[in-house]
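The next block is my_file12.pdb, given as PDB, C-alpha atoms.
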```pdb
ATOM      1  CA  MET A 279     -10.370 -14.413 -14.611  1.00  0.00           C
ATOM      2  CA  THR A 280      -9.942 -15.393 -10.995  1.00  0.00           C
ATOM      3  CA  LEU A 281      -8.639 -12.837  -8.524  1.00  0.00           C
ATOM      4  CA  GLU A 282      -6.696 -14.167  -5.567  1.00  0.00           C
ATOM      5  CA  ILE A 283      -5.266 -11.981  -2.827  1.00  0.00           C
ATOM      6  CA  GLN A 284      -2.773 -13.556  -0.468  1.00  0.00           C
ATOM      7  CA  PRO A 285       0.071 -12.594   1.854  1.00  0.00           C
ATOM      8  CA  ILE A 286       3.369 -12.845  -0.012  1.00  0.00           C
ATOM      9  CA  GLY A 287       7.010 -12.928   1.016  1.00  0.00           C
ATOM     10  CA  ASN A 288      10.529 -12.737  -0.342  1.00  0.00           C
ATOM     11  CA  THR A 289       9.943 -15.387  -3.014  1.00  0.00           C
ATOM     12  CA  TYR A 290       7.870 -12.762  -4.833  1.00  0.00           C
ATOM     13  CA  SER A 291      10.385  -9.912  -4.512  1.00  0.00           C
ATOM     14  CA  GLU A 292      11.372  -9.967  -8.188  1.00  0.00           C
ATOM     15  CA  GLN A 293       7.757  -9.790  -9.418  1.00  0.00           C
ATOM     16  CA  VAL A 294       6.923  -7.098  -6.842  1.00  0.00           C
ATOM     17  CA  ILE A 295       9.928  -4.976  -7.852  1.00  0.00           C
ATOM     18  CA  ASP A 296       9.073  -5.331 -11.538  1.00  0.00           C
ATOM     19  CA  LEU A 297       5.446  -4.262 -10.957  1.00  0.00           C
ATOM     20  CA  ILE A 298       6.212  -1.332  -8.646  1.00  0.00           C
ATOM     21  CA  LEU A 299       9.226   0.140 -10.449  1.00  0.00           C
ATOM     22  CA  ASN A 300       7.382   0.071 -13.778  1.00  0.00           C
ATOM     23  CA  ILE A 301       4.497   2.062 -12.301  1.00  0.00           C
ATOM     24  CA  GLN A 302       6.713   4.495 -10.378  1.00  0.00           C
ATOM     25  CA  GLN A 303       9.298   5.174 -13.074  1.00  0.00           C
ATOM     26  CA  LYS A 304       7.597   4.624 -16.441  1.00  0.00           C
ATOM     27  CA  GLU A 305       4.012   5.605 -15.717  1.00  0.00           C
ATOM     28  CA  PHE A 306       4.433   8.428 -13.211  1.00  0.00           C
ATOM     29  CA  ASN A 307       8.073   9.493 -13.844  1.00  0.00           C
ATOM     30  CA  ILE A 308       8.870   9.363 -10.126  1.00  0.00           C
ATOM     31  CA  PRO A 309      12.680   9.311  -9.826  1.00  0.00           C
ATOM     32  CA  ILE A 310      12.897   6.351  -7.462  1.00  0.00           C
ATOM     33  CA  THR A 311      14.998   3.196  -7.756  1.00  0.00           C
ATOM     34  CA  ILE A 312      15.200  -0.171  -6.034  1.00  0.00           C
ATOM     35  CA  GLU A 313      18.080   1.298  -3.991  1.00  0.00           C
ATOM     36  CA  ASP A 314      15.558   3.757  -2.525  1.00  0.00           C
ATOM     37  CA  GLN A 315      13.267   0.857  -1.552  1.00  0.00           C
ATOM     38  CA  PRO A 316      15.427  -1.864   0.035  1.00  0.00           C
ATOM     39  CA  ASP A 317      12.324  -3.135   1.860  1.00  0.00           C
ATOM     40  CA  LEU A 318      11.241  -4.821  -1.398  1.00  0.00           C
ATOM     41  CA  LEU A 319      14.230  -7.145  -1.158  1.00  0.00           C
ATOM     42  CA  LYS A 320      13.361  -8.197   2.401  1.00  0.00           C
ATOM     43  CA  ILE A 321       9.574  -8.249   2.532  1.00  0.00           C
ATOM     44  CA  GLU A 322       9.360 -10.738   5.392  1.00  0.00           C
ATOM     45  CA  SER A 323      11.738  -9.001   7.812  1.00  0.00           C
ATOM     46  CA  PHE A 324      10.631  -5.450   6.937  1.00  0.00           C
ATOM     47  CA  TYR A 325       6.860  -5.930   6.934  1.00  0.00           C
ATOM     48  CA  ARG A 326       5.928  -9.131   8.763  1.00  0.00           C
ATOM     49  CA  GLU A 327       8.314  -9.328  11.704  1.00  0.00           C
ATOM     50  CA  GLY A 328       7.090  -6.041  13.165  1.00  0.00           C
ATOM     51  CA  GLY A 329       3.434  -7.059  12.982  1.00  0.00           C
ATOM     52  CA  GLY A 330       2.566  -5.807   9.495  1.00  0.00           C
ATOM     53  CA  ASN A 331       2.050  -7.746   6.289  1.00  0.00           C
ATOM     54  CA  PHE A 332       2.418  -7.630   2.495  1.00  0.00           C
ATOM     55  CA  TRP A 333      -0.281  -8.825   0.114  1.00  0.00           C
ATOM     56  CA  GLY A 334      -0.274  -9.575  -3.592  1.00  0.00           C
ATOM     57  CA  ALA A 335      -3.272  -9.603  -5.922  1.00  0.00           C
ATOM     58  CA  PHE A 336      -3.027 -12.272  -8.601  1.00  0.00           C
ATOM     59  CA  LEU A 337      -5.187 -12.629 -11.700  1.00  0.00           C
ATOM     60  CA  ASP A 338      -4.655 -16.087 -13.162  1.00  0.00           C
ATOM     61  CA  LYS A 339      -1.312 -16.341 -11.323  1.00  0.00           C
ATOM     62  CA  GLU A 340      -0.040 -12.941 -12.625  1.00  0.00           C
ATOM     63  CA  LEU A 341       0.858 -10.384  -9.934  1.00  0.00           C
ATOM     64  CA  VAL A 342      -1.291  -7.337 -10.773  1.00  0.00           C
ATOM     65  CA  GLY A 343      -1.398  -5.475  -7.459  1.00  0.00           C
ATOM     66  CA  THR A 344       0.232  -5.035  -4.054  1.00  0.00           C
ATOM     67  CA  ILE A 345      -0.444  -3.441  -0.700  1.00  0.00           C
ATOM     68  CA  ALA A 346       1.690  -3.532   2.429  1.00  0.00           C
ATOM     69  CA  LEU A 347       1.349  -2.555   6.050  1.00  0.00           C
ATOM     70  CA  VAL A 348       4.178  -1.341   8.306  1.00  0.00           C
ATOM     71  CA  LYS A 349       3.269  -1.405  11.974  1.00  0.00           C
ATOM     72  CA  PHE A 350       5.160   1.453  13.632  1.00  0.00           C
ATOM     73  CA  ASP A 351       3.331   1.774  16.946  1.00  0.00           C
ATOM     74  CA  GLU A 352       1.279  -0.536  19.166  1.00  0.00           C
ATOM     75  CA  LYS A 353      -1.986   0.673  17.637  1.00  0.00           C
ATOM     76  CA  ALA A 354      -0.819   2.441  14.457  1.00  0.00           C
ATOM     77  CA  ALA A 355       0.416   1.324  11.051  1.00  0.00           C
ATOM     78  CA  ALA A 356       1.247   2.783   7.657  1.00  0.00           C
ATOM     79  CA  ILE A 357       0.083   1.661   4.231  1.00  0.00           C
ATOM     80  CA  ARG A 358       2.923   1.165   1.807  1.00  0.00           C
ATOM     81  CA  LYS A 359       3.359  -0.160  -1.715  1.00  0.00           C
ATOM     82  CA  MET A 360      -0.262   0.213  -2.876  1.00  0.00           C
ATOM     83  CA  PHE A 361       0.060  -0.409  -6.606  1.00  0.00           C
ATOM     84  CA  VAL A 362      -2.209  -1.895  -9.256  1.00  0.00           C
ATOM     85  CA  LYS A 363      -1.160  -2.484 -12.864  1.00  0.00           C
ATOM     86  CA  LYS A 364      -2.704   0.158 -15.112  1.00  0.00           C
ATOM     87  CA  GLU A 365      -4.842  -2.228 -17.175  1.00  0.00           C
ATOM     88  CA  PHE A 366      -6.403  -3.672 -13.998  1.00  0.00           C
ATOM     89  CA  ARG A 367      -7.357  -0.426 -12.267  1.00  0.00           C
ATOM     90  CA  GLY A 368     -10.850   0.916 -11.889  1.00  0.00           C
ATOM     91  CA  LYS A 369     -14.319  -0.250 -11.027  1.00  0.00           C
ATOM     92  CA  GLU A 370     -14.390  -3.281 -13.313  1.00  0.00           C
ATOM     93  CA  HIS A 371     -11.852  -5.300 -11.301  1.00  0.00           C
ATOM     94  CA  GLN A 372     -11.937  -3.349  -7.992  1.00  0.00           C
ATOM     95  CA  ILE A 373      -8.504  -4.723  -7.125  1.00  0.00           C
ATOM     96  CA  ALA A 374      -7.378  -1.660  -5.145  1.00  0.00           C
ATOM     97  CA  GLN A 375     -10.593  -1.744  -3.108  1.00  0.00           C
ATOM     98  CA  LYS A 376     -10.232  -5.452  -2.378  1.00  0.00           C
ATOM     99  CA  LEU A 377      -6.595  -4.977  -1.341  1.00  0.00           C
ATOM    100  CA  LEU A 378      -7.527  -2.108   0.981  1.00  0.00           C
ATOM    101  CA  ASP A 379     -10.444  -4.084   2.461  1.00  0.00           C
ATOM    102  CA  ILE A 380      -8.121  -6.982   3.318  1.00  0.00           C
ATOM    103  CA  LEU A 381      -5.614  -4.604   4.925  1.00  0.00           C
ATOM    104  CA  ILE A 382      -8.352  -2.924   7.009  1.00  0.00           C
ATOM    105  CA  SER A 383      -9.677  -6.333   8.141  1.00  0.00           C
ATOM    106  CA  TYR A 384      -6.150  -7.317   9.148  1.00  0.00           C
ATOM    107  CA  CYS A 385      -5.823  -4.085  11.153  1.00  0.00           C
ATOM    108  CA  ARG A 386      -9.122  -4.698  12.955  1.00  0.00           C
ATOM    109  CA  GLU A 387      -8.138  -8.308  13.767  1.00  0.00           C
ATOM    110  CA  ASN A 388      -4.775  -7.128  15.104  1.00  0.00           C
ATOM    111  CA  LYS A 389      -6.135  -4.186  17.131  1.00  0.00           C
ATOM    112  CA  ILE A 390      -4.484  -1.539  14.945  1.00  0.00           C
ATOM    113  CA  GLU A 391      -6.668   1.558  15.328  1.00  0.00           C
ATOM    114  CA  GLU A 392      -4.996   4.132  13.095  1.00  0.00           C
ATOM    115  CA  ILE A 393      -3.869   3.638   9.518  1.00  0.00           C
ATOM    116  CA  MET A 394      -1.733   6.353   7.949  1.00  0.00           C
ATOM    117  CA  LEU A 395      -0.097   6.765   4.598  1.00  0.00           C
ATOM    118  CA  GLY A 396       1.979   9.078   2.506  1.00  0.00           C
ATOM    119  CA  THR A 397       1.569   9.531  -1.222  1.00  0.00           C
ATOM    120  CA  VAL A 398       2.734  11.817  -3.990  1.00  0.00           C
ATOM    121  CA  SER A 399       0.603  14.727  -5.201  1.00  0.00           C
ATOM    122  CA  VAL A 400       0.827  13.595  -8.853  1.00  0.00           C
ATOM    123  CA  LEU A 401      -1.163  10.477  -7.948  1.00  0.00           C
ATOM    124  CA  ASN A 402      -4.559  12.159  -8.132  1.00  0.00           C
ATOM    125  CA  ALA A 403      -6.550   8.966  -8.601  1.00  0.00           C
ATOM    126  CA  ALA A 404      -4.863   7.475  -5.533  1.00  0.00           C
ATOM    127  CA  MET A 405      -5.784  10.497  -3.426  1.00  0.00           C
ATOM    128  CA  ARG A 406      -9.420  10.335  -4.592  1.00  0.00           C
ATOM    129  CA  PHE A 407      -9.448   6.609  -3.792  1.00  0.00           C
ATOM    130  CA  TYR A 408      -8.260   7.187  -0.211  1.00  0.00           C
ATOM    131  CA  GLU A 409     -10.716  10.038   0.293  1.00  0.00           C
ATOM    132  CA  ARG A 410     -13.595   7.849  -0.957  1.00  0.00           C
ATOM    133  CA  ASN A 411     -12.506   5.333   1.676  1.00  0.00           C
ATOM    134  CA  ARG A 412     -12.868   7.952   4.445  1.00  0.00           C
ATOM    135  CA  PHE A 413      -9.186   8.751   4.891  1.00  0.00           C
ATOM    136  CA  GLN A 414      -8.638  12.329   6.105  1.00  0.00           C
ATOM    137  CA  LYS A 415      -5.756  14.520   4.960  1.00  0.00           C
ATOM    138  CA  ILE A 416      -3.249  15.235   7.697  1.00  0.00           C
ATOM    139  CA  ALA A 417      -0.374  17.736   7.749  1.00  0.00           C
ATOM    140  CA  LYS A 418       3.110  16.231   7.651  1.00  0.00           C
ATOM    141  CA  GLU A 419       3.930  17.933  10.968  1.00  0.00           C
ATOM    142  CA  ASP A 420       0.919  16.222  12.592  1.00  0.00           C
ATOM    143  CA  LEU A 421       2.239  12.734  11.834  1.00  0.00           C
ATOM    144  CA  PRO A 422       3.624  10.814  14.815  1.00  0.00           C
ATOM    145  CA  SER A 423       7.413  11.001  15.049  1.00  0.00           C
ATOM    146  CA  SER A 424       7.560   7.213  14.619  1.00  0.00           C
ATOM    147  CA  PHE A 425       5.757   7.356  11.223  1.00  0.00           C
ATOM    148  CA  PRO A 426       8.043   5.788   8.562  1.00  0.00           C
ATOM    149  CA  LEU A 427       8.449   8.699   6.127  1.00  0.00           C
ATOM    150  CA  MET A 428       9.342   8.105   2.484  1.00  0.00           C
ATOM    151  CA  SER A 429      11.296  10.956   0.897  1.00  0.00           C
ATOM    152  CA  ALA A 430       9.045  11.198  -2.200  1.00  0.00           C
ATOM    153  CA  ASP A 431       5.788  11.543  -0.229  1.00  0.00           C
ATOM    154  CA  ASN A 432       4.223  14.990   0.084  1.00  0.00           C
ATOM    155  CA  VAL A 433       0.551  14.258   0.891  1.00  0.00           C
ATOM    156  CA  PHE A 434      -0.498  12.355   4.021  1.00  0.00           C
ATOM    157  CA  TYR A 435      -3.695  10.654   5.188  1.00  0.00           C
ATOM    158  CA  ILE A 436      -5.074   9.022   8.317  1.00  0.00           C
ATOM    159  CA  LEU A 437      -7.988   6.679   8.955  1.00  0.00           C
ATOM    160  CA  ASN A 438      -9.116   6.066  12.528  1.00  0.00           C
ATOM    161  CA  LEU A 439     -10.822   2.664  12.572  1.00  0.00           C
ATOM    162  CA  ASN A 440     -12.696   3.517  15.774  1.00  0.00           C
ATOM    163  CA  LYS A 441     -14.578   6.227  13.894  1.00  0.00           C
ATOM    164  CA  VAL A 442     -15.642   4.256  10.788  1.00  0.00           C
TER     165      VAL A 442
END
```
Spell out the structure here as structure tokens.
Amino acid sequence: MTLEIQPIGNTYSEQVIDLILNIQQKEFNIPITIEDQPDLLKIESFYREGGGNFWGAFLDKELVGTIALVKFDEKAAAIRKMFVKKEFRGKEHQIAQKLLDILISYCRENKIEEIMLGTVSVLNAAMRFYERNRFQKIAKEDLPSSFPLMSADNVFYILNLNKV
């Protein structure tokens, strides 16, 4: 199987929505709908126009993972929409790691120094993944006021690229 990771846009919205909603709703029982995530219907304007990006991981042309970056400050951005289909998670495929590596490279190339993210406390594997990648927990009140909060998120992380 060949893994390809590439920036994607609105033409992939339907596949992205299908992947993400299935994981959020069916796997983790997070009560979130497409109405709560209108950014998925306008990937290009929401993520790219402000200096961020949105990547898809494809195994033999099937979308199996996503990661997105929202730039919210001159030197700061937030990770969003980090999802990998259940059967493709883990060390064997390393899709999440490859997605994160591409996002970090993009940040370095674009002089983004701080990467932050919010997640949900039920996503234990996700939190361990970020911690393995040297993200530090940060209190919600210590986030910059310009950080794009998602209502479901209750755990927050930061990675300063100047320190890693």
CA of Ile380 in chain A to CA of Ser323 in chain A, distance in Å rounded to a single decimal:
20.5 Å
For the file shown, report as an mmCIF file with C-alpha atoms, in the frame of the given file the outcome of the PyMOL selection byres ((chain A and resi 335-339) around 6) at residue level.
```cif
data_model
loop_
_atom_site.group_PDB
_atom_site.id
_atom_site.type_symbol
_atom_site.label_atom_id
_atom_site.label_comp_id
_atom_site.auth_asym_id
_atom_site.auth_seq_id
_atom_site.Cartn_x
_atom_site.Cartn_y
_atom_site.Cartn_z
ATOM 1 C CA THR A 280 -9.942 -15.393 -10.995
ATOM 2 C CA LEU A 281 -8.639 -12.837 -8.524
ATOM 3 C CA GLU A 282 -6.696 -14.167 -5.567
ATOM 4 C CA ILE A 283 -5.266 -11.981 -2.827
ATOM 5 C CA GLY A 334 -0.274 -9.575 -3.592
ATOM 6 C CA GLU A 340 -0.040 -12.941 -12.625
ATOM 7 C CA LEU A 341 0.858 -10.384 -9.934
ATOM 8 C CA VAL A 342 -1.291 -7.337 -10.773
ATOM 9 C CA GLY A 343 -1.398 -5.475 -7.459
#
```
Could you state which residues are captured by the PyMOL selection byres ((chain A and resi 315-322) around 10) in this file, as a count of residues only?
28
Taking the file as shown, what set of residues would the PyMOL selection byres ((chain A and resi 413) around 7) give back, as a PDB file with C-alpha atoms, in the frame of the given file?
```
ATOM      1  CA  TYR A 408      -8.260   7.187  -0.211  1.00  0.00           C
ATOM      2  CA  GLU A 409     -10.716  10.038   0.293  1.00  0.00           C
ATOM      3  CA  ASN A 411     -12.506   5.333   1.676  1.00  0.00           C
ATOM      4  CA  ARG A 412     -12.868   7.952   4.445  1.00  0.00           C
ATOM      5  CA  GLN A 414      -8.638  12.329   6.105  1.00  0.00           C
ATOM      6  CA  LYS A 415      -5.756  14.520   4.960  1.00  0.00           C
ATOM      7  CA  TYR A 435      -3.695  10.654   5.188  1.00  0.00           C
ATOM      8  CA  ILE A 436      -5.074   9.022   8.317  1.00  0.00           C
ATOM      9  CA  LEU A 437      -7.988   6.679   8.955  1.00  0.00           C
TER      10      LEU A 437
END
```
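Picture a line from CA of Asp379 in chain A to CA of Pro285 in chain A; it runs 13.5 Å.
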Exercise: Ser424 in chain A partners within 12 Å, all atoms listed in the file, chain neighbours under 6 positions left out, as a PyMOL selection string:
chain A and resi 348-356+394
Set the distance at 8 Å and use only C-alpha atoms: which residues neighbour Lys363 in chain A once local chain neighbours fewer than 2 positions away are removed? I'd like the list as number ranges by chain.
A: 297, 301, 342-343, 361, 365-367
Selection: 10 Å around Leu421 in chain A, all atoms listed in the file, excl. self and same-chain fewer than 2 positions, as a ChimeraX atom specification:
/A:394-395,416-419,423-427,434-436
For CA of Gly368 in chain A and CA of Asn402 in chain A, determine how far apart the two atoms are, in Å to one decimal place.
13.4 Å
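Comparing A:Leu439, A:Phe407, A:Val398, A:Leu377 by their smallest distance to Pro309 in chain A, the closest is A:Val398 (using all atoms listed in the file).
Proximity of A:Met360, A:Val442, A:Met279, A:Leu347 to Leu381 in chain A, computed with all atoms listed in the file, is greatest for A:Leu347.
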Mind filling out range 340-359 of chain A with N, CA and C atoms and sending it as a PDB file, keeping the file's coordinate frame?
```
ATOM      1  N   GLU A 340      -0.876 -14.111 -12.317  1.00  0.00           N
ATOM      2  CA  GLU A 340      -0.040 -12.941 -12.625  1.00  0.00           C
ATOM      3  C   GLU A 340      -0.212 -11.908 -11.514  1.00  0.00           C
ATOM      4  N   LEU A 341       0.913 -11.425 -10.964  1.00  0.00           N
ATOM      5  CA  LEU A 341       0.858 -10.384  -9.934  1.00  0.00           C
ATOM      6  C   LEU A 341       0.416  -9.077 -10.590  1.00  0.00           C
ATOM      7  N   VAL A 342      -0.755  -8.565 -10.167  1.00  0.00           N
ATOM      8  CA  VAL A 342      -1.291  -7.337 -10.773  1.00  0.00           C
ATOM      9  C   VAL A 342      -1.464  -6.211  -9.754  1.00  0.00           C
ATOM     10  N   GLY A 343      -1.242  -6.513  -8.464  1.00  0.00           N
ATOM     11  CA  GLY A 343      -1.398  -5.475  -7.459  1.00  0.00           C
ATOM     12  C   GLY A 343      -0.725  -5.854  -6.155  1.00  0.00           C
ATOM     13  N   THR A 344      -0.385  -4.807  -5.362  1.00  0.00           N
ATOM     14  CA  THR A 344       0.232  -5.035  -4.054  1.00  0.00           C
ATOM     15  C   THR A 344      -0.289  -4.005  -3.060  1.00  0.00           C
ATOM     16  N   ILE A 345      -0.236  -4.380  -1.802  1.00  0.00           N
ATOM     17  CA  ILE A 345      -0.444  -3.441  -0.700  1.00  0.00           C
ATOM     18  C   ILE A 345       0.337  -3.997   0.485  1.00  0.00           C
ATOM     19  N   ALA A 346       0.899  -3.094   1.278  1.00  0.00           N
ATOM     20  CA  ALA A 346       1.690  -3.532   2.429  1.00  0.00           C
ATOM     21  C   ALA A 346       1.349  -2.678   3.634  1.00  0.00           C
ATOM     22  N   LEU A 347       1.627  -3.234   4.793  1.00  0.00           N
ATOM     23  CA  LEU A 347       1.349  -2.555   6.050  1.00  0.00           C
ATOM     24  C   LEU A 347       2.598  -2.606   6.917  1.00  0.00           C
ATOM     25  N   VAL A 348       3.054  -1.428   7.375  1.00  0.00           N
ATOM     26  CA  VAL A 348       4.178  -1.341   8.306  1.00  0.00           C
ATOM     27  C   VAL A 348       3.605  -0.910   9.648  1.00  0.00           C
ATOM     28  N   LYS A 349       3.726  -1.770  10.641  1.00  0.00           N
ATOM     29  CA  LYS A 349       3.269  -1.405  11.974  1.00  0.00           C
ATOM     30  C   LYS A 349       4.387  -0.610  12.634  1.00  0.00           C
ATOM     31  N   PHE A 350       4.095   0.623  13.062  1.00  0.00           N
ATOM     32  CA  PHE A 350       5.160   1.453  13.632  1.00  0.00           C
ATOM     33  C   PHE A 350       4.850   1.873  15.058  1.00  0.00           C
ATOM     34  N   ASP A 351       3.736   1.425  15.592  1.00  0.00           N
ATOM     35  CA  ASP A 351       3.331   1.774  16.946  1.00  0.00           C
ATOM     36  C   ASP A 351       2.400   0.650  17.399  1.00  0.00           C
ATOM     37  N   GLU A 352       2.127   0.561  18.685  1.00  0.00           N
ATOM     38  CA  GLU A 352       1.279  -0.536  19.166  1.00  0.00           C
ATOM     39  C   GLU A 352      -0.083  -0.561  18.474  1.00  0.00           C
ATOM     40  N   LYS A 353      -0.652   0.618  18.233  1.00  0.00           N
ATOM     41  CA  LYS A 353      -1.986   0.673  17.637  1.00  0.00           C
ATOM     42  C   LYS A 353      -2.029   1.468  16.329  1.00  0.00           C
ATOM     43  N   ALA A 354      -0.864   1.656  15.694  1.00  0.00           N
ATOM     44  CA  ALA A 354      -0.819   2.441  14.457  1.00  0.00           C
ATOM     45  C   ALA A 354       0.063   1.761  13.420  1.00  0.00           C
ATOM     46  N   ALA A 355      -0.341   1.925  12.153  1.00  0.00           N
ATOM     47  CA  ALA A 355       0.416   1.324  11.051  1.00  0.00           C
ATOM     48  C   ALA A 355       0.301   2.214   9.822  1.00  0.00           C
ATOM     49  N   ALA A 356       1.218   1.990   8.889  1.00  0.00           N
ATOM     50  CA  ALA A 356       1.247   2.783   7.657  1.00  0.00           C
ATOM     51  C   ALA A 356       1.036   1.878   6.450  1.00  0.00           C
ATOM     52  N   ILE A 357       0.237   2.363   5.511  1.00  0.00           N
ATOM     53  CA  ILE A 357       0.083   1.661   4.231  1.00  0.00           C
ATOM     54  C   ILE A 357       1.284   2.008   3.366  1.00  0.00           C
ATOM     55  N   ARG A 358       1.822   0.985   2.744  1.00  0.00           N
ATOM     56  CA  ARG A 358       2.923   1.165   1.807  1.00  0.00           C
ATOM     57  C   ARG A 358       2.634   0.336   0.562  1.00  0.00           C
ATOM     58  N   LYS A 359       3.297   0.677  -0.503  1.00  0.00           N
ATOM     59  CA  LYS A 359       3.359  -0.160  -1.715  1.00  0.00           C
ATOM     60  C   LYS A 359       1.989  -0.546  -2.263  1.00  0.00           C
TER      61      LYS A 359
END
```
